[in-house]
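Trainee: final.cif (mmCIF, C-alpha atoms and all ligand atoms) pasted underneath:
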data_run
#
loop_
_atom_site.label_atom_id
_atom_site.label_comp_id
_atom_site.auth_asym_id
_atom_site.auth_seq_id
_atom_site.Cartn_x
_atom_site.Cartn_y
_atom_site.Cartn_z
CA MET K 1 16.67 69.01 -104.21
CA LEU K 2 20.16 68.53 -105.60
CA ALA K 3 21.58 70.91 -103.01
CA LEU K 4 20.59 68.46 -100.28
CA PHE K 5 23.16 65.99 -101.49
CA ILE K 6 26.08 68.33 -101.99
CA GLU K 7 28.65 68.64 -99.26
CA ARG K 8 28.32 71.95 -97.46
CA GLY K 9 31.33 73.71 -96.00
CA ASP K 10 33.43 71.62 -93.66
CA PHE K 11 30.68 69.24 -92.64
CA PRO K 12 30.55 66.02 -94.61
CA VAL K 13 27.05 64.88 -95.42
CA SER K 14 25.88 61.79 -93.56
CA PRO K 15 22.52 61.02 -92.02
CA VAL K 16 22.46 61.82 -88.32
CA ILE K 17 18.75 61.05 -88.01
CA GLN K 18 17.01 58.14 -89.72
CA LEU K 19 13.44 57.03 -89.36
CA LEU K 20 12.78 53.64 -90.91
CA ALA K 21 9.05 53.01 -91.23
CA ALA K 22 8.74 54.64 -87.80
CA GLY K 23 5.22 55.45 -86.68
CA ARG K 24 3.34 56.35 -83.52
CA SER K 25 -0.24 55.45 -82.74
CA PHE K 26 -2.37 56.31 -79.76
CA ARG K 27 -5.24 54.17 -78.53
CA GLN K 28 -8.52 56.04 -78.81
CA GLY K 29 -11.34 53.96 -77.37
CA GLU K 30 -11.50 50.80 -79.45
CA THR K 31 -9.22 51.95 -82.29
CA ASP K 32 -5.65 53.09 -82.84
CA HIS K 33 -5.21 56.63 -84.13
CA ALA K 34 -1.99 57.14 -86.12
CA ALA K 35 -0.50 60.44 -84.92
CA LEU K 36 2.46 59.66 -87.23
CA ARG K 37 1.99 57.13 -90.01
CA PRO K 38 4.97 54.85 -90.75
CA THR K 39 7.61 57.27 -91.97
CA THR K 40 10.99 56.79 -93.62
CA VAL K 41 13.23 59.84 -93.74
CA SER K 42 16.91 60.72 -93.31
CA ILE K 43 18.26 64.03 -92.09
CA ASP K 44 21.86 64.88 -92.85
CA ARG K 45 24.35 66.09 -90.28
CA GLY K 46 24.55 69.86 -90.16
CA HIS K 47 21.21 70.40 -91.84
CA TYR K 48 18.70 73.03 -90.76
CA VAL K 49 15.24 71.49 -91.06
CA ALA K 50 11.77 72.91 -90.52
CA VAL K 51 8.84 70.65 -89.72
CA THR K 52 5.62 72.40 -90.67
CA GLY K 53 1.97 71.49 -90.54
CA ALA K 54 -1.30 72.54 -88.97
CA SER K 55 -1.95 72.09 -85.27
CA GLY K 56 -2.58 68.40 -84.59
CA SER K 57 -0.83 67.24 -87.78
CA GLY K 58 1.88 65.31 -85.91
CA LYS K 59 4.83 67.70 -85.60
CA SER K 60 5.40 67.13 -81.88
CA THR K 61 4.91 63.40 -82.31
CA LEU K 62 7.70 63.32 -84.90
CA LEU K 63 10.01 65.48 -82.78
CA ASN K 64 9.36 63.36 -79.70
CA LEU K 65 10.46 60.24 -81.56
CA ILE K 66 13.66 61.97 -82.71
CA THR K 67 14.50 63.14 -79.18
CA GLY K 68 13.58 59.85 -77.55
CA VAL K 69 11.03 61.65 -75.38
CA ASP K 70 8.54 59.13 -76.84
CA ARG K 71 9.00 55.74 -78.45
CA ALA K 72 7.82 54.61 -81.87
CA SER K 73 4.91 52.15 -81.98
CA GLN K 74 6.55 50.52 -84.99
CA GLY K 75 9.70 50.83 -87.09
CA SER K 76 13.10 52.12 -86.10
CA VAL K 77 14.53 55.49 -85.07
CA VAL K 78 18.31 55.74 -85.50
CA ILE K 79 19.96 58.83 -84.05
CA ASP K 80 23.69 59.41 -84.44
CA GLY K 81 24.12 55.69 -85.14
CA THR K 82 22.04 54.41 -82.20
CA ALA K 83 18.69 52.64 -82.72
CA LEU K 84 16.67 54.13 -79.88
CA GLU K 85 14.33 51.14 -79.61
CA THR K 86 17.30 49.03 -78.47
CA LEU K 87 17.88 51.22 -75.40
CA GLY K 88 16.28 50.72 -71.99
CA GLU K 89 14.93 53.71 -70.10
CA GLY K 90 18.19 54.56 -68.32
CA ALA K 91 20.31 54.26 -71.44
CA LEU K 92 17.76 56.27 -73.42
CA ALA K 93 17.86 59.07 -70.85
CA ARG K 94 21.68 59.13 -70.93
CA PHE K 95 21.70 59.09 -74.71
CA ARG K 96 19.19 61.94 -74.85
CA GLY K 97 21.15 64.06 -72.39
CA ALA K 98 24.37 63.81 -74.35
CA THR K 99 23.07 63.85 -77.91
CA VAL K 100 20.01 66.10 -78.19
CA GLY K 101 19.17 69.53 -76.85
CA ILE K 102 15.46 70.24 -76.60
CA VAL K 103 13.72 73.62 -76.70
CA PHE K 104 10.01 73.89 -75.85
CA GLN K 105 7.35 76.42 -76.78
CA PHE K 106 6.80 77.43 -73.17
CA PHE K 107 10.50 77.44 -72.19
CA GLU K 108 10.05 75.04 -69.21
CA LEU K 109 12.70 76.73 -67.07
CA LEU K 110 12.78 76.14 -63.32
CA PRO K 111 11.52 79.39 -61.74
CA THR K 112 13.22 78.79 -58.37
CA LEU K 113 16.68 78.74 -59.98
CA THR K 114 18.55 81.60 -61.62
CA ALA K 115 19.09 81.54 -65.39
CA LEU K 116 22.69 80.49 -64.69
CA ASP K 117 21.67 77.64 -62.40
CA ASN K 118 19.11 76.39 -64.93
CA VAL K 119 21.96 75.95 -67.41
CA ILE K 120 24.36 74.44 -64.85
CA LEU K 121 21.69 71.98 -63.68
CA ALA K 122 21.42 70.55 -67.20
CA MET K 123 25.16 69.78 -67.04
CA ASP K 124 24.91 68.36 -63.51
CA LEU K 125 22.15 65.97 -64.59
CA VAL K 126 24.10 64.56 -67.54
CA GLY K 127 27.69 64.61 -66.27
CA LYS K 128 29.25 65.02 -69.72
CA ILE K 129 30.92 68.37 -69.00
CA PRO K 130 33.54 68.23 -66.20
CA ALA K 131 32.18 69.72 -62.95
CA LYS K 132 34.90 72.38 -62.78
CA ALA K 133 34.05 73.67 -66.25
CA ARG K 134 30.28 73.96 -65.84
CA ARG K 135 29.88 77.45 -64.38
CA ARG K 136 32.24 79.06 -66.89
CA ARG K 137 30.55 77.21 -69.75
CA ALA K 138 27.08 78.27 -68.58
CA LEU K 139 28.19 81.92 -68.45
CA ASP K 140 29.70 81.62 -71.91
CA LEU K 141 26.48 80.09 -73.27
CA LEU K 142 24.39 82.87 -71.72
CA ALA K 143 26.79 85.44 -73.18
CA GLY K 144 26.35 83.71 -76.54
CA VAL K 145 22.60 84.36 -76.44
CA GLY K 146 23.12 87.95 -75.24
CA LEU K 147 22.06 87.35 -71.64
CA VAL K 148 25.18 87.43 -69.50
CA ASP K 149 23.73 90.42 -67.60
CA GLN K 150 20.65 88.39 -66.70
CA ALA K 151 22.53 85.30 -65.51
CA HIS K 152 21.70 85.77 -61.83
CA ARG K 153 18.03 86.59 -62.30
CA SER K 154 15.10 84.21 -61.99
CA PRO K 155 13.37 83.33 -65.27
CA THR K 156 10.19 84.86 -63.82
CA HIS K 157 11.88 88.28 -64.12
CA LEU K 158 12.79 87.79 -67.77
CA SER K 159 10.73 88.45 -70.89
CA GLY K 160 9.48 85.55 -72.99
CA GLY K 161 12.18 86.12 -75.57
CA GLU K 162 14.86 86.19 -72.88
CA GLN K 163 13.47 83.03 -71.27
CA GLN K 164 13.58 81.24 -74.59
CA ARG K 165 17.21 82.26 -75.09
CA VAL K 166 18.04 80.91 -71.61
CA ALA K 167 16.25 77.71 -72.65
CA ILE K 168 18.45 77.51 -75.76
CA ALA K 169 21.59 78.04 -73.64
CA ARG K 170 20.33 75.17 -71.46
CA ALA K 171 19.67 72.99 -74.51
CA LEU K 172 23.28 73.58 -75.61
CA ALA K 173 24.70 72.93 -72.12
CA ASN K 174 25.91 69.42 -72.94
CA ASP K 175 27.17 70.39 -76.40
CA PRO K 176 24.66 68.20 -78.28
CA PRO K 177 25.18 67.55 -82.00
CA ILE K 178 21.40 67.80 -82.48
CA LEU K 179 19.08 70.59 -81.38
CA VAL K 180 15.31 70.06 -81.57
CA ALA K 181 12.85 72.90 -80.96
CA ASP K 182 9.08 72.47 -80.85
CA GLU K 183 7.39 75.74 -81.90
CA PRO K 184 10.06 77.74 -80.06
CA THR K 185 8.78 81.09 -81.30
CA GLY K 186 5.08 80.25 -81.03
CA ASN K 187 4.76 82.30 -77.87
CA LEU K 188 6.98 85.22 -78.90
CA ASP K 189 6.42 88.43 -80.82
CA ARG K 190 8.07 88.84 -84.18
CA ALA K 191 11.19 90.70 -83.02
CA ASN K 192 11.91 88.20 -80.24
CA GLY K 193 11.09 85.31 -82.53
CA GLU K 194 13.70 86.60 -84.94
CA ARG K 195 16.34 86.86 -82.20
CA VAL K 196 15.64 83.27 -81.17
CA ALA K 197 15.80 82.12 -84.80
CA ALA K 198 19.14 83.91 -85.20
CA VAL K 199 20.54 81.81 -82.33
CA PHE K 200 19.41 78.65 -84.15
CA ASP K 201 21.04 79.96 -87.34
CA ARG K 202 24.31 80.21 -85.44
CA CYS K 203 23.95 76.68 -84.06
CA VAL K 204 23.75 75.47 -87.67
CA ALA K 205 26.81 77.52 -88.59
CA GLU K 206 28.62 75.71 -85.74
CA GLY K 207 27.84 72.40 -87.41
CA ARG K 208 24.87 71.24 -85.36
CA THR K 209 21.81 69.63 -86.88
CA VAL K 210 18.82 71.81 -85.97
CA ILE K 211 15.17 70.81 -86.33
CA VAL K 212 12.43 73.34 -85.71
CA ALA K 213 8.71 72.64 -85.71
CA THR K 214 6.56 75.58 -86.69
CA HIS K 215 3.00 76.03 -87.84
CA GLU K 216 3.96 79.24 -89.61
CA ARG K 217 3.92 79.09 -93.38
CA GLY K 218 6.24 82.04 -94.03
CA GLY K 219 9.83 82.67 -92.99
CA LEU K 220 11.05 79.27 -94.14
CA GLU K 221 13.82 80.59 -96.39
CA ARG K 222 16.48 80.11 -93.71
CA TYR K 223 16.07 76.32 -93.70
CA HIS K 224 17.90 73.83 -95.90
CA ARG K 225 14.90 71.61 -95.96
CA VAL K 226 11.21 71.75 -95.09
CA LEU K 227 9.29 68.64 -94.04
CA ARG K 228 5.54 69.12 -94.18
CA ILE K 229 3.20 66.96 -92.16
CA GLU K 230 -0.45 66.63 -92.95
CA ASP K 231 -2.63 64.36 -90.87
CA GLY K 232 0.35 62.29 -89.72
CA ARG K 233 1.81 61.92 -93.20
CA LEU K 234 5.21 63.40 -94.00
CA ALA K 235 6.01 65.06 -97.33
CA GLU K 236 8.95 67.09 -98.57
CA GLY K 237 8.39 70.75 -99.31
CA THR K 238 10.50 73.62 -100.53
CA PRO K 239 11.90 76.31 -98.25
P1 LIG H 301 1.15 68.95 -83.58
O1 LIG H 301 2.39 69.02 -82.75
O2 LIG H 301 1.40 69.06 -85.05
O3 LIG H 301 0.12 69.95 -83.13
P2 LIG H 301 0.79 66.39 -82.30
O4 LIG H 301 1.96 65.59 -82.73
O5 LIG H 301 0.83 66.95 -80.92
O6 LIG H 301 0.49 67.51 -83.37
O7 LIG H 301 -0.49 65.48 -82.38
C1 LIG H 301 -0.82 64.70 -83.53
C2 LIG H 301 -2.07 63.89 -83.24
O8 LIG H 301 -1.78 62.92 -82.23
C3 LIG H 301 -3.24 64.70 -82.73
O9 LIG H 301 -4.42 64.15 -83.26
C4 LIG H 301 -3.16 64.50 -81.24
O10 LIG H 301 -4.43 64.62 -80.66
C5 LIG H 301 -2.63 63.08 -81.14
N1 LIG H 301 -1.86 62.87 -79.90
C6 LIG H 301 -0.66 63.45 -79.62
N2 LIG H 301 -0.21 63.05 -78.43
C7 LIG H 301 -1.14 62.20 -77.93
C8 LIG H 301 -1.26 61.45 -76.71
N3 LIG H 301 -0.32 61.49 -75.77
N4 LIG H 301 -2.38 60.69 -76.56
C9 LIG H 301 -3.33 60.64 -77.51
N5 LIG H 301 -3.28 61.32 -78.67
C10 LIG H 301 -2.20 62.09 -78.88
MG MG H 302 2.95 70.33 -81.26
#
Give the structure from the file, written as structure tokens.
Mentor:
Amino acid sequence: MLALFIERGDFPVSPVIQLLAAGRSFRQGETDHAALRPTTVSIDRGHYVAVTGASGSGKSTLLNLITGVDRASQGSVVIDGTALETLGEGALARFRGATVGIVFQFFELLPTLTALDNVILAMDLVGKIPAKARRRRALDLLAGVGLVDQAHRSPTHLSGGEQQRVAIARALANDPPILVADEPTGNLDRANGERVAAVFDRCVAEGRTVIVATHERGGLERYHRVLRIEDGRLAEGTP
């Protein structure tokens, strides 16, 4: 536990993600079902955090509150100093584009675009990276995940592991300080899962805060911190 509070490397410790009694309920018939019970937790900048728990335990619900994909039913979600509940839809979308990169289990790439254009589109939509720099940056990001040779191919011609690495390049397109991945290796074999995890390792080494949901119980040694969810209730675990 102590290690969590010691400054690591060049990155001073400060919370980049704070949930303050934040919860999410869904209406089920006559009653409210708490997918995430009111939760208070801070995640420090530069930390590498796993969120584990069985299917249906609330991992995606937690991640969706952190990314602003979904809104808390109660409490507050403060990301990089901004309380998301204070933002309207447009401001929330702009905030999300600039601050968080999101990686999904099933990649969610656009099949009609090349790998390169998938990454460029993410920059076009947000407008944070100058237009002139986007193509070069996208090629650099694809090179960084070992896919520069595949840049002009459609995702439909790439393997699952390659598609997920394109999706990570896309998630990094706008240089977000926070990367959130929801079971990113759940659809990959072990070797490809390891290659994807190695890219996340490097994102942490670059100083990003990386949060990965996984229902796997092993392979957690790489994380600084493991948050376990059981039936919508968050508890700390050990890597
Ligand atoms: P996990 O990602 O760990 O598999 P989820 O966060 O997706 O779990 O779901 C947690 C609980 O919330 C489950 O009981 C699920 O059925 C419920 N849930 C999630 N999203 C919705 C939704 N949009 N509407 C209703 N119930 C939902
Ligand atoms: Mg899920």
Trainee: Considering all atoms listed in the file, state which residue in the set K:Ala133, K:Ala34, K:Leu116, K:Ala169 is at the smallest distance from Asp149 in chain K.
Mentor: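 That would be K:Leu116, the residue with the smallest distance to Asp149 in chain K.
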Trainee: Please provide as JSON, numbers by chain all residues within 12 Å of Asp124 in chain K, with the sequence filter that same-chain residues fewer than 2 positions apart are discarded (counting all atoms listed in the file).
Mentor: {"K": [97, 98, 117, 118, 119, 120, 121, 122, 126, 127, 128, 129, 130, 131, 132, 133, 134, 135, 138, 170, 173, 174]}
Trainee: Can you tell me how far CA of Leu20 in chain K sits from CA of Ile211 in chain K, in Å to one decimal?
Mentor: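 That distance, rounded to one decimal, is 17.9 Å.
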Trainee: In Å, how far is it from CA of Glu194 in chain K to CA of Gly219 in chain K?
Mentor: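 Value for the CA of Glu194 in chain K-CA of Gly219 in chain K distance: 9.8 Å.
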Trainee: If you measure from CA of Thr82 in chain K to CA of Ile66 in chain K, what distance in Å do you get, rounded to one decimal?
Mentor: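 It comes out at 11.3 Å.
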Trainee: Give me, as a list in words, the set of residues whose atoms come within 7 Å of any atom of ligand LIG 301 (chain H), counting only C-alpha atoms and all ligand atoms.
Mentor: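 Checking only C-alpha atoms and all ligand atoms against ligand LIG 301 (chain H) at 7 Å gives Phe26, Arg27, Ala34, Ala35, Gly53, Ala54, Ser55, Gly56, Ser57, Gly58, Lys59, Ser60, Thr61, Leu62 and Gly232 of chain K.
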Trainee: Go through K:Ala50, K:Leu125, K:Leu141, K:Leu87 and flag the residue nearest Ala181 in chain K, using all atoms listed in the file for the distances.
Mentor: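 The answer is K:Ala50, which sits nearest to Ala181 in chain K.
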Trainee: Measuring atom to atom with all atoms listed in the file, identify which of K:Ser159, K:Asn64, K:Leu188, K:Thr112 is nearest to ligand MG 302 (chain H).
Mentor: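 Smallest distance to ligand MG 302 (chain H) is found for K:Asn64.
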Trainee: Measuring between all atoms listed in the file, which one of K:Arg71, K:Ala115, K:Glu230, K:Asp175 shows the shortest distance to Leu147 in chain K?
Mentor: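 Nearest candidate to Leu147 in chain K out of K:Arg71, K:Ala115, K:Glu230, K:Asp175: K:Ala115.
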Trainee: Hey, which of K:Leu110, K:Val196, K:Val51, K:Leu220 ends up closest to ligand MG 302 (chain H)? Count all atoms listed in the file.
Mentor: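 Looking only at the distances to ligand MG 302 (chain H), the closest residue turns out to be K:Val51.
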Trainee: Between range 210-236 of chain K and range 39-42 of chain K, at 10 Å or less, what are the per-residue closest atom pairs and their distances in Å? Count only C-alpha atoms, order by chain and rising residue number, and return it as JSON lines.
Mentor:
{"residue": "K:Leu227", "atom": "CA", "partner": "K:Val41", "partner_atom": "CA", "distance": 9.6}
{"residue": "K:Gly232", "atom": "CA", "partner": "K:Thr39", "partner_atom": "CA", "distance": 9.1}
{"residue": "K:Arg233", "atom": "CA", "partner": "K:Thr39", "partner_atom": "CA", "distance": 7.5}
{"residue": "K:Leu234", "atom": "CA", "partner": "K:Thr39", "partner_atom": "CA", "distance": 6.9}
{"residue": "K:Ala235", "atom": "CA", "partner": "K:Thr39", "partner_atom": "CA", "distance": 9.6}
{"residue": "K:Glu236", "atom": "CA", "partner": "K:Val41", "partner_atom": "CA", "distance": 9.7}
Trainee: Pick from K:Pro15, K:Gly237, K:Pro184, K:Gly218: nearest to ligand MG 302 (chain H), with all atoms listed in the file counted?
Mentor: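 Ranking K:Pro15, K:Gly237, K:Pro184, K:Gly218 by distance to ligand MG 302 (chain H), first place goes to K:Pro184.
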Trainee: Excluding same-chain residues fewer than 6 positions from Glu183 in chain K, what lies within 10 Å of it counting only C-alpha atoms, as number ranges by chain?
Mentor: K: 51-52, 59-60, 103-106, 212-216
Trainee: Mind checking which residues fall within 9 Å of Arg165 in chain K, counting all atoms listed in the file, ignoring those fewer than 5 positions away in the same chain, and posting them as a list in words?
Mentor: Phe107, Leu142, Val145, Gly146, Leu147, Gly160, Arg170, Arg195, Val196 and Val199 of chain K
Trainee: For Thr67 in chain K, please output as a PyMOL selection string all residues within 8 Å (counting all atoms listed in the file; exclusion window: fewer than 5 positions along the same chain).
Mentor: chain K and resi 96+100+102+180
Trainee: Give me the residues within 7 Å of Val49 in chain K as a list of chain:residue names, counting all atoms listed in the file and dropping any in the same chain fewer than 6 places off.
Mentor: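 Near neighbours after the sequence-gap exclusion: K:Val210, K:Ile211, K:Val212, K:Tyr223, K:His224, K:Arg225, K:Val226.
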Trainee: Put the listed atoms of range 47-60 of chain K in a box along x, y and z with 6 Å added on every side and give me the centre and edge lengths in Å to one decimal, as lines of an AutoDock Vina configuration file.
Mentor:
center_x = 9.3
center_y = 69.2
center_z = -86.9
size_x = 35.8
size_y = 19.7
size_z = 22.0
